[in-house]
Amino acid sequence: MSEAAVLDAGIDTRADLLGLAGLIGACDLIVSIDNSVAHLAASLGMPTWILLPQPPARFPLAARPRGQPLVSLREALTAAVSGDWSSALARLTKDLQALR
């Protein structure tokens, strides 16, 4: 697993969806908050972990038409409702180290 971040200053990640998809495709894993990057990565089949502020009742963009969740999406890194991210970030660190 590469530890280097992929960044291309020539790609406008807000206006160039194809360029953003290319950046995502160059990664081994996407770790993100709940935003368009996370949803695009998961829809492209990339391993994607999403940091969420609380357990979602439903994750609408992360489901296939037949209701089957995307295999690449992981919602397990959820912070407590109180907003305490320390346990979620500690788990993220442990899980990332386990990938080595």
# chains A, B, ... in the order shown; residues from 1 in each chain; ligands from 1
$ residues_around --residues "region 15-22 of chain A" --least-positions-apart "5" --cutoff "12 Å" --atoms "only C-alpha atoms" --output "MDAnalysis selection string"
chainID A and resid 6:10 27 30 36:46
$ residues_around --residues "Ser32 (chain A)" --least-positions-apart "5" --cutoff "7 Å" --atoms "only C-alpha atoms" --output "list in words"
Ala38, Trp49, Ile50 and Leu51 of chain A
$ write_last_selection --atoms "all heavy atoms" --output "CSV table (one decimal), in the first residue's frame"
chain,number,residue,atom,x,y,z
A,38,ALA,N,-16.5,10.4,-1.7
A,38,ALA,CA,-16.8,9.1,-1.1
A,38,ALA,C,-17.8,8.3,-2.0
A,38,ALA,O,-17.7,7.2,-2.3
A,38,ALA,CB,-17.3,9.3,0.3
A,49,TRP,N,-13.9,4.0,2.8
A,49,TRP,CA,-14.3,4.1,4.2
A,49,TRP,C,-14.8,5.5,4.4
A,49,TRP,O,-14.2,6.5,4.0
A,49,TRP,CB,-13.2,3.8,5.1
A,49,TRP,CG,-12.6,2.4,5.0
A,49,TRP,CD1,-13.0,1.4,4.2
A,49,TRP,CD2,-11.5,1.9,5.7
A,49,TRP,NE1,-12.3,0.3,4.4
A,49,TRP,CE2,-11.3,0.6,5.3
A,49,TRP,CE3,-10.6,2.5,6.6
A,49,TRP,CZ2,-10.2,-0.2,5.8
A,49,TRP,CZ3,-9.5,1.7,7.1
A,49,TRP,CH2,-9.4,0.4,6.7
A,50,ILE,N,-16.0,5.6,5.0
A,50,ILE,CA,-16.6,6.9,5.2
A,50,ILE,C,-16.7,7.2,6.7
A,50,ILE,O,-17.3,6.4,7.4
A,50,ILE,CB,-18.0,7.0,4.5
A,50,ILE,CG1,-17.9,6.8,3.0
A,50,ILE,CG2,-18.6,8.4,4.8
A,50,ILE,CD1,-19.2,6.8,2.2
A,51,LEU,N,-16.2,8.4,7.1
A,51,LEU,CA,-16.4,8.8,8.4
A,51,LEU,C,-17.7,9.6,8.5
A,51,LEU,O,-17.9,10.6,7.9
A,51,LEU,CB,-15.2,9.8,8.8
A,51,LEU,CG,-13.9,9.1,8.9
A,51,LEU,CD1,-12.7,10.1,8.8
A,51,LEU,CD2,-13.7,8.3,10.2
$ atom_distance --atom1 "CA of Ile33 (chain A)" --atom2 "CA of Gly83 (chain A)"
13.7 Å
$ select_by_dssp --residues "region 10-61 of chain A" --states "strand (DSSP E)" --output "PyMOL selection string"
chain A and resi 30-33+48-51
$ atom_distance --atom1 "CA of Ile11 (chain A)" --atom2 "CA of Leu23 (chain A)"
8.9 Å
